[in-house]
file coords35.pdb (PDB, C-alpha atoms, pLDDT in the B column)
ATOM      1  CA  MET A   4       3.170  22.984  -1.229  1.00 88.00           C
ATOM      2  CA  TYR A   5       4.111  19.334  -0.884  1.00 97.00           C
ATOM      3  CA  LYS A   6       7.033  18.603   1.394  1.00 98.00           C
ATOM      4  CA  ALA A   7       6.482  14.849   1.638  1.00 98.00           C
ATOM      5  CA  ALA A   8       5.071  12.038  -0.464  1.00 98.00           C
ATOM      6  CA  VAL A   9       3.701   9.020   1.377  1.00 98.00           C
ATOM      7  CA  PHE A  10       2.858   5.856  -0.529  1.00 98.00           C
ATOM      8  CA  ASP A  11       0.753   2.779  -0.190  1.00 97.00           C
ATOM      9  CA  PHE A  12       2.743  -0.232  -1.402  1.00 97.00           C
ATOM     10  CA  ASP A  13       0.715  -2.958  -3.113  1.00 94.00           C
ATOM     11  CA  TYR A  14      -0.257  -1.911  -6.663  1.00 95.00           C
ATOM     12  CA  THR A  15       1.150   1.555  -5.940  1.00 97.00           C
ATOM     13  CA  LEU A  16       4.915   1.029  -5.753  1.00 98.00           C
ATOM     14  CA  GLY A  17       5.022  -2.655  -6.560  1.00 97.00           C
ATOM     15  CA  ASP A  18       3.234  -5.900  -7.307  1.00 95.00           C
ATOM     16  CA  SER A  19       3.115  -8.676  -4.693  1.00 94.00           C
ATOM     17  CA  THR A  20       0.308 -10.605  -6.377  1.00 94.00           C
ATOM     18  CA  ASN A  21       2.081 -13.958  -6.487  1.00 95.00           C
ATOM     19  CA  GLY A  22       3.169 -13.789  -2.870  1.00 95.00           C
ATOM     20  CA  ILE A  23      -0.277 -12.666  -1.745  1.00 95.00           C
ATOM     21  CA  VAL A  24      -2.029 -15.460  -3.655  1.00 97.00           C
ATOM     22  CA  ILE A  25       0.330 -18.119  -2.285  1.00 97.00           C
ATOM     23  CA  SER A  26      -0.076 -16.815   1.278  1.00 97.00           C
ATOM     24  CA  ALA A  27      -3.853 -16.372   1.040  1.00 97.00           C
ATOM     25  CA  ASN A  28      -4.478 -19.846  -0.344  1.00 98.00           C
ATOM     26  CA  TYR A  29      -2.132 -21.381   2.220  1.00 98.00           C
ATOM     27  CA  ALA A  30      -4.165 -19.719   4.987  1.00 98.00           C
ATOM     28  CA  LEU A  31      -7.510 -20.703   3.463  1.00 98.00           C
ATOM     29  CA  GLU A  32      -6.467 -24.327   3.068  1.00 98.00           C
ATOM     30  CA  LYS A  33      -5.116 -24.434   6.632  1.00 98.00           C
ATOM     31  CA  LEU A  34      -8.590 -23.383   7.803  1.00 97.00           C
ATOM     32  CA  GLY A  35     -10.383 -25.879   5.558  1.00 97.00           C
ATOM     33  CA  TYR A  36     -11.585 -23.474   2.872  1.00 97.00           C
ATOM     34  CA  PRO A  37     -11.072 -23.949  -0.869  1.00 96.00           C
ATOM     35  CA  ALA A  38      -8.323 -22.033  -2.651  1.00 97.00           C
ATOM     36  CA  GLN A  39      -9.409 -18.885  -4.511  1.00 97.00           C
ATOM     37  CA  ASP A  40      -8.390 -17.702  -7.961  1.00 95.00           C
ATOM     38  CA  ILE A  41      -5.978 -14.857  -8.569  1.00 96.00           C
ATOM     39  CA  GLU A  42      -8.604 -12.265  -9.474  1.00 94.00           C
ATOM     40  CA  ALA A  43     -10.703 -12.925  -6.367  1.00 96.00           C
ATOM     41  CA  ILE A  44      -7.648 -12.449  -4.175  1.00 96.00           C
ATOM     42  CA  ARG A  45      -6.399  -9.394  -6.126  1.00 93.00           C
ATOM     43  CA  ARG A  46      -9.672  -7.624  -5.358  1.00 92.00           C
ATOM     44  CA  THR A  47      -8.958  -7.915  -1.629  1.00 94.00           C
ATOM     45  CA  VAL A  48      -5.528  -6.252  -1.806  1.00 91.00           C
ATOM     46  CA  GLY A  49      -5.523  -3.156   0.396  1.00 84.00           C
ATOM     47  CA  LEU A  50      -7.968  -4.599   2.923  1.00 89.00           C
ATOM     48  CA  THR A  51      -6.810  -5.803   6.300  1.00 90.00           C
ATOM     49  CA  LEU A  52      -6.272  -9.565   6.397  1.00 94.00           C
ATOM     50  CA  PRO A  53      -9.397 -10.271   8.493  1.00 95.00           C
ATOM     51  CA  GLU A  54     -11.380  -8.162   6.003  1.00 95.00           C
ATOM     52  CA  SER A  55      -9.823 -10.104   3.131  1.00 96.00           C
ATOM     53  CA  PHE A  56     -10.867 -13.353   4.803  1.00 98.00           C
ATOM     54  CA  ARG A  57     -14.448 -12.128   5.105  1.00 97.00           C
ATOM     55  CA  ALA A  58     -14.470 -11.008   1.475  1.00 97.00           C
ATOM     56  CA  LEU A  59     -13.151 -14.368   0.263  1.00 97.00           C
ATOM     57  CA  THR A  60     -15.301 -16.634   2.421  1.00 97.00           C
ATOM     58  CA  GLY A  61     -18.282 -14.627   3.655  1.00 97.00           C
ATOM     59  CA  VAL A  62     -17.424 -15.782   7.188  1.00 97.00           C
ATOM     60  CA  GLN A  63     -17.831 -13.063   9.802  1.00 96.00           C
ATOM     61  CA  ASP A  64     -16.200 -14.827  12.774  1.00 96.00           C
ATOM     62  CA  PRO A  65     -13.419 -12.551  14.124  1.00 96.00           C
ATOM     63  CA  ALA A  66     -11.465 -15.512  15.507  1.00 97.00           C
ATOM     64  CA  ALA A  67     -11.407 -17.161  12.088  1.00 97.00           C
ATOM     65  CA  GLY A  68     -10.313 -13.882  10.526  1.00 97.00           C
ATOM     66  CA  GLN A  69      -7.429 -13.618  12.962  1.00 97.00           C
ATOM     67  CA  ALA A  70      -6.439 -17.235  12.341  1.00 98.00           C
ATOM     68  CA  TYR A  71      -6.404 -16.481   8.604  1.00 97.00           C
ATOM     69  CA  ALA A  72      -4.136 -13.494   9.248  1.00 95.00           C
ATOM     70  CA  ASP A  73      -1.778 -15.599  11.367  1.00 96.00           C
ATOM     71  CA  PHE A  74      -1.472 -18.325   8.716  1.00 97.00           C
ATOM     72  CA  PHE A  75      -1.084 -15.695   5.984  1.00 96.00           C
ATOM     73  CA  HIS A  76       1.837 -14.098   7.837  1.00 93.00           C
ATOM     74  CA  GLU A  77       3.380 -17.513   8.478  1.00 95.00           C
ATOM     75  CA  LYS A  78       3.573 -18.198   4.746  1.00 96.00           C
ATOM     76  CA  ALA A  79       4.368 -14.610   3.756  1.00 93.00           C
ATOM     77  CA  GLU A  80       7.526 -14.775   5.870  1.00 91.00           C
ATOM     78  CA  THR A  81       8.957 -17.276   3.398  1.00 93.00           C
ATOM     79  CA  VAL A  82       7.527 -16.223   0.031  1.00 95.00           C
ATOM     80  CA  MET A  83       6.547 -12.547  -0.069  1.00 94.00           C
ATOM     81  CA  THR A  84       9.907 -10.891  -0.679  1.00 93.00           C
ATOM     82  CA  GLY A  85      10.880 -13.235  -3.481  1.00 94.00           C
ATOM     83  CA  HIS A  86       7.485 -12.913  -5.148  1.00 95.00           C
ATOM     84  CA  THR A  87       7.352  -9.110  -5.159  1.00 96.00           C
ATOM     85  CA  ARG A  88       8.586  -6.739  -7.851  1.00 96.00           C
ATOM     86  CA  LEU A  89       8.810  -2.961  -7.853  1.00 97.00           C
ATOM     87  CA  TYR A  90       7.336  -1.090 -10.787  1.00 97.00           C
ATOM     88  CA  PRO A  91       9.958   0.248 -13.222  1.00 96.00           C
ATOM     89  CA  ASP A  92       9.194   3.871 -12.283  1.00 97.00           C
ATOM     90  CA  THR A  93       9.364   3.365  -8.507  1.00 98.00           C
ATOM     91  CA  LEU A  94      13.070   3.906  -7.852  1.00 98.00           C
ATOM     92  CA  PRO A  95      13.423   6.805 -10.350  1.00 97.00           C
ATOM     93  CA  LEU A  96      10.441   8.513  -8.710  1.00 98.00           C
ATOM     94  CA  LEU A  97      11.850   8.133  -5.192  1.00 98.00           C
ATOM     95  CA  VAL A  98      15.256   9.408  -6.342  1.00 98.00           C
ATOM     96  CA  SER A  99      13.635  12.405  -8.044  1.00 97.00           C
ATOM     97  CA  LEU A 100      11.602  13.328  -4.975  1.00 97.00           C
ATOM     98  CA  ARG A 101      14.561  13.045  -2.634  1.00 96.00           C
ATOM     99  CA  GLU A 102      16.705  15.180  -4.952  1.00 96.00           C
ATOM    100  CA  ARG A 103      14.075  17.888  -4.644  1.00 96.00           C
ATOM    101  CA  GLY A 104      14.070  17.760  -0.864  1.00 96.00           C
ATOM    102  CA  LEU A 105      10.822  15.868  -0.279  1.00 98.00           C
ATOM    103  CA  LYS A 106      10.473  13.398   2.551  1.00 98.00           C
ATOM    104  CA  THR A 107       9.227   9.962   1.509  1.00 98.00           C
ATOM    105  CA  ALA A 108       7.470   7.166   3.368  1.00 98.00           C
ATOM    106  CA  ILE A 109       5.334   4.069   2.989  1.00 98.00           C
ATOM    107  CA  VAL A 110       2.130   3.476   4.948  1.00 98.00           C
ATOM    108  CA  THR A 111       0.790   0.004   4.174  1.00 95.00           C
ATOM    109  CA  THR A 112      -1.182  -2.856   5.643  1.00 91.00           C
ATOM    110  CA  LYS A 113       1.786  -5.169   4.961  1.00 91.00           C
ATOM    111  CA  ALA A 114       3.844  -6.219   7.980  1.00 90.00           C
ATOM    112  CA  HIS A 115       6.735  -3.869   8.735  1.00 95.00           C
ATOM    113  CA  ARG A 116       9.358  -6.596   8.417  1.00 93.00           C
ATOM    114  CA  THR A 117       7.974  -7.665   5.039  1.00 93.00           C
ATOM    115  CA  ILE A 118       7.996  -4.184   3.547  1.00 95.00           C
ATOM    116  CA  GLN A 119      11.472  -3.525   4.946  1.00 96.00           C
ATOM    117  CA  ARG A 120      12.821  -6.694   3.330  1.00 95.00           C
ATOM    118  CA  ILE A 121      11.282  -5.780  -0.012  1.00 96.00           C
ATOM    119  CA  ALA A 122      12.704  -2.249   0.163  1.00 97.00           C
ATOM    120  CA  GLU A 123      16.124  -3.635   1.072  1.00 96.00           C
ATOM    121  CA  ARG A 124      16.055  -6.170  -1.773  1.00 95.00           C
ATOM    122  CA  TYR A 125      15.513  -3.477  -4.383  1.00 95.00           C
ATOM    123  CA  GLY A 126      17.762  -0.817  -2.878  1.00 96.00           C
ATOM    124  CA  ALA A 127      14.834   1.411  -1.984  1.00 97.00           C
ATOM    125  CA  LEU A 128      15.403   1.592   1.767  1.00 97.00           C
ATOM    126  CA  PRO A 129      17.888   4.529   1.634  1.00 97.00           C
ATOM    127  CA  LEU A 130      15.292   6.447  -0.412  1.00 98.00           C
ATOM    128  CA  LEU A 131      12.615   6.161   2.276  1.00 98.00           C
ATOM    129  CA  ASP A 132      12.511   8.182   5.495  1.00 98.00           C
ATOM    130  CA  ARG A 133       9.830   6.110   7.210  1.00 98.00           C
ATOM    131  CA  LEU A 134       8.093   2.734   6.894  1.00 98.00           C
ATOM    132  CA  VAL A 135       4.776   2.094   8.648  1.00 98.00           C
ATOM    133  CA  GLY A 136       3.366  -1.411   8.429  1.00 95.00           C
ATOM    134  CA  GLY A 137       0.021  -2.710   9.554  1.00 92.00           C
ATOM    135  CA  ASP A 138       1.648  -4.074  12.701  1.00 93.00           C
ATOM    136  CA  ASP A 139       3.007  -0.635  13.619  1.00 97.00           C
ATOM    137  CA  VAL A 140      -0.423   0.875  14.301  1.00 97.00           C
ATOM    138  CA  ALA A 141      -3.344   0.144  16.564  1.00 97.00           C
ATOM    139  CA  LYS A 142      -5.806   0.716  13.703  1.00 95.00           C
ATOM    140  CA  GLU A 143      -5.015  -0.087  10.088  1.00 93.00           C
ATOM    141  CA  LYS A 144      -6.116   1.849   7.017  1.00 95.00           C
ATOM    142  CA  PRO A 145      -8.524   3.424   6.280  1.00 95.00           C
ATOM    143  CA  ASP A 146      -7.968   4.692   9.802  1.00 97.00           C
ATOM    144  CA  PRO A 147      -5.517   7.598   9.359  1.00 98.00           C
ATOM    145  CA  GLU A 148      -3.294   6.699  12.327  1.00 98.00           C
ATOM    146  CA  GLY A 149      -0.282   5.697  10.237  1.00 98.00           C
ATOM    147  CA  LEU A 150      -0.483   8.668   7.885  1.00 98.00           C
ATOM    148  CA  LEU A 151      -1.026  11.139  10.706  1.00 98.00           C
ATOM    149  CA  GLY A 152       1.927   9.683  12.578  1.00 98.00           C
ATOM    150  CA  VAL A 153       4.218  10.094   9.579  1.00 98.00           C
ATOM    151  CA  ALA A 154       3.178  13.721   9.101  1.00 98.00           C
ATOM    152  CA  ALA A 155       3.710  14.453  12.796  1.00 98.00           C
ATOM    153  CA  GLY A 156       7.110  12.772  12.707  1.00 98.00           C
ATOM    154  CA  PHE A 157       8.107  14.929   9.752  1.00 98.00           C
ATOM    155  CA  GLY A 158       6.774  18.044  11.497  1.00 98.00           C
ATOM    156  CA  LEU A 159       4.459  18.804   8.595  1.00 98.00           C
ATOM    157  CA  ALA A 160       0.886  19.983   8.220  1.00 98.00           C
ATOM    158  CA  MET A 161      -1.383  17.508   6.448  1.00 98.00           C
ATOM    159  CA  GLN A 162      -1.785  19.710   3.374  1.00 97.00           C
ATOM    160  CA  GLU A 163       1.977  19.398   2.880  1.00 98.00           C
ATOM    161  CA  VAL A 164       1.789  15.590   2.730  1.00 98.00           C
ATOM    162  CA  LEU A 165       0.632  13.931  -0.497  1.00 98.00           C
ATOM    163  CA  TYR A 166      -0.718  10.421  -0.001  1.00 98.00           C
ATOM    164  CA  VAL A 167      -0.481   8.157  -3.044  1.00 98.00           C
ATOM    165  CA  GLY A 168      -2.458   4.951  -3.487  1.00 98.00           C
ATOM    166  CA  ASP A 169      -4.382   2.747  -5.863  1.00 97.00           C
ATOM    167  CA  SER A 170      -7.524   1.822  -3.921  1.00 95.00           C
ATOM    168  CA  LEU A 171     -10.557   3.301  -2.218  1.00 96.00           C
ATOM    169  CA  VAL A 172      -9.028   2.237   1.111  1.00 95.00           C
ATOM    170  CA  ASP A 173      -6.168   4.616   0.317  1.00 97.00           C
ATOM    171  CA  ALA A 174      -8.538   7.376  -0.758  1.00 98.00           C
ATOM    172  CA  LYS A 175     -10.511   7.001   2.477  1.00 98.00           C
ATOM    173  CA  THR A 176      -7.288   7.093   4.487  1.00 98.00           C
ATOM    174  CA  ALA A 177      -6.258  10.385   2.906  1.00 98.00           C
ATOM    175  CA  LEU A 178      -9.735  11.829   3.407  1.00 98.00           C
ATOM    176  CA  ALA A 179      -9.761  10.848   7.086  1.00 98.00           C
ATOM    177  CA  ALA A 180      -6.346  12.459   7.555  1.00 98.00           C
ATOM    178  CA  LYS A 181      -7.363  15.545   5.547  1.00 98.00           C
ATOM    179  CA  ALA A 182      -4.380  14.999   3.254  1.00 98.00           C
ATOM    180  CA  PRO A 183      -4.328  15.531  -0.531  1.00 98.00           C
ATOM    181  CA  PHE A 184      -4.682  12.242  -2.379  1.00 98.00           C
ATOM    182  CA  ALA A 185      -3.167  11.070  -5.664  1.00 98.00           C
ATOM    183  CA  ALA A 186      -4.574   7.944  -7.326  1.00 98.00           C
ATOM    184  CA  VAL A 187      -2.594   5.649  -9.584  1.00 98.00           C
ATOM    185  CA  LEU A 188      -4.491   3.189 -11.749  1.00 97.00           C
ATOM    186  CA  THR A 189      -2.101   0.271 -11.396  1.00 94.00           C
ATOM    187  CA  GLY A 190      -4.479  -1.646  -9.121  1.00 93.00           C
ATOM    188  CA  THR A 191      -8.019  -2.919  -9.548  1.00 91.00           C
ATOM    189  CA  THR A 192      -9.904   0.364  -8.951  1.00 95.00           C
ATOM    190  CA  PRO A 193     -11.166   2.316 -12.012  1.00 96.00           C
ATOM    191  CA  ALA A 194     -10.593   6.049 -12.323  1.00 97.00           C
ATOM    192  CA  ASP A 195     -14.232   7.071 -11.903  1.00 97.00           C
ATOM    193  CA  ALA A 196     -14.462   5.335  -8.519  1.00 97.00           C
ATOM    194  CA  PHE A 197     -12.078   7.916  -7.056  1.00 98.00           C
ATOM    195  CA  ALA A 198     -14.201  10.934  -8.041  1.00 97.00           C
ATOM    196  CA  PRO A 199     -16.091  11.255  -4.713  1.00 97.00           C
ATOM    197  CA  TYR A 200     -12.742  11.620  -2.919  1.00 97.00           C
ATOM    198  CA  ARG A 201     -11.584  14.560  -5.067  1.00 97.00           C
ATOM    199  CA  PRO A 202      -8.054  13.371  -5.784  1.00 98.00           C
ATOM    200  CA  VAL A 203      -5.548  15.985  -6.865  1.00 98.00           C
ATOM    201  CA  PHE A 204      -4.211  13.530  -9.452  1.00 98.00           C
ATOM    202  CA  VAL A 205      -5.515  10.429 -11.205  1.00 98.00           C
ATOM    203  CA  GLY A 206      -3.148   8.737 -13.629  1.00 97.00           C
ATOM    204  CA  GLY A 207      -2.042   5.460 -15.057  1.00 95.00           C
ATOM    205  CA  ASP A 208       1.416   5.168 -13.552  1.00 94.00           C
ATOM    206  CA  LEU A 209       4.139   6.639 -11.368  1.00 97.00           C
ATOM    207  CA  ALA A 210       5.780   8.467 -14.276  1.00 96.00           C
ATOM    208  CA  GLY A 211       2.626  10.534 -14.648  1.00 97.00           C
ATOM    209  CA  LEU A 212       2.551  11.111 -10.906  1.00 97.00           C
ATOM    210  CA  GLU A 213       6.129  12.388 -11.019  1.00 97.00           C
ATOM    211  CA  ARG A 214       5.238  14.869 -13.741  1.00 97.00           C
ATOM    212  CA  TYR A 215       2.296  16.083 -11.640  1.00 97.00           C
ATOM    213  CA  ILE A 216       4.435  16.546  -8.517  1.00 97.00           C
ATOM    214  CA  LEU A 217       7.166  18.385 -10.406  1.00 96.00           C
ATOM    215  CA  ARG A 218       4.598  20.754 -11.907  1.00 96.00           C
ATOM    216  CA  ALA A 219       3.103  21.328  -8.474  1.00 95.00           C
ATOM    217  CA  LEU A 220       6.509  22.073  -6.993  1.00 94.00           C
ATOM    218  CA  ALA A 221       7.153  24.524  -9.805  1.00 91.00           C
ATOM    219  CA  GLY A 222       3.847  26.242  -9.118  1.00 86.00           C
ATOM    220  CA  GLY A 223       2.251  25.008 -12.341  1.00 62.00           C
TER     221      GLY A 223
END

call {"tool": "encode", "arguments": {"input": "coords35.pdb", "output": "structure tokens"}}
result
Amino acid sequence: MYKAAVFDFDYTLGDSTNGIVISANYALEKLGYPAQDIEAIRRTVGLTLPESFRALTGVQDPAAGQAYADFFHEKAETVMTGHTRLYPDTLPLLVSLRERGLKTAIVTTKAHRTIQRIAERYGALPLLDRLVGGDDVAKEKPDPEGLLGVAAGFGLAMQEVLYVGDSLVDAKTALAAKAPFAAVLTGTTPADAFAPYRPVFVGGDLAGLERYILRALAGG
């Protein structure tokens, strides 16, 4: 049975759209590319920053992708925390899981310092046992390095660790780690897209996820 719940962040626990759009367009303009609209940038959330650059511009040059990432982080340092909001069900869910003895963590492509600041701002940091940012791993999602490291740190088998996310990147991460996967539909990925990854849960929000976990813990 589940002994830990590990979460993606963007569109899973919270919404950083405004901060991401500001940072992405700052980086694009610094490199001489036109700004993109919100929906184009939203569709890249969950990708690594070099992958996002390729998706937005079609440019395959790794050096340009890294420059985009550097400029993105430069702007994100000043805007991301203030332009991020947690979903209303996030803190109640984390409290509920901790009360029932589950470990909790975040594995995200966001920088560690950024996700820590966001968690601190909303009082979520004491409810999380581990934070793994994209800069904490050698290979970002969908490579399972971060998720595997969290499970090892908790001393748990992968089947005891539920990974929760909103995108196919998250689903692929769970599959690569051989962890059960729960999909929330608060991002840009439709429910049917998750079917090949055999999620244990697909639902519209974190309240539904909480009900699923509580039933699972009760053996239902």

call {"tool": "atom_distance", "arguments": {"input": "coords35.pdb", "atom1": "CA of Pro202 in chain A", "atom2": "CA of Asp132 in chain A"}}
result
24.0 Å

call {"tool": "resolve_selection", "arguments": {"input": "coords35.pdb", "expression": "the PyMOL selection byres ((chain A and resi 8) around 6)", "output": "list in words"}}
result
Ala7, Val9, Thr107, Val164 and Leu165 of chain A

call {"tool": "closest_residue", "arguments": {"input": "coords35.pdb", "among": "A:Gly17, A:Gly211, A:Pro183, A:Pro65", "to": "Pro91 in chain A", "atoms": "all atoms listed in the file"}}
result
A:Gly17

call {"tool": "closest_residue", "arguments": {"input": "coords35.pdb", "among": "A:Pro193, A:Gly49, A:Gly222, A:Gly61", "to": "Lys144 in chain A", "atoms": "all atoms listed in the file"}}
result
A:Gly49

call {"tool": "resolve_selection", "arguments": {"input": "coords35.pdb", "expression": "the PyMOL selection byres ((chain A and resi 134-138) around 8)", "output": "count of residues only"}}
result
20

call {"tool": "closest_residue", "arguments": {"input": "coords35.pdb", "among": "A:Gln39, A:Pro129, A:Leu31, A:Val82", "to": "Ala70 in chain A", "atoms": "all atoms listed in the file"}}
result
A:Leu31
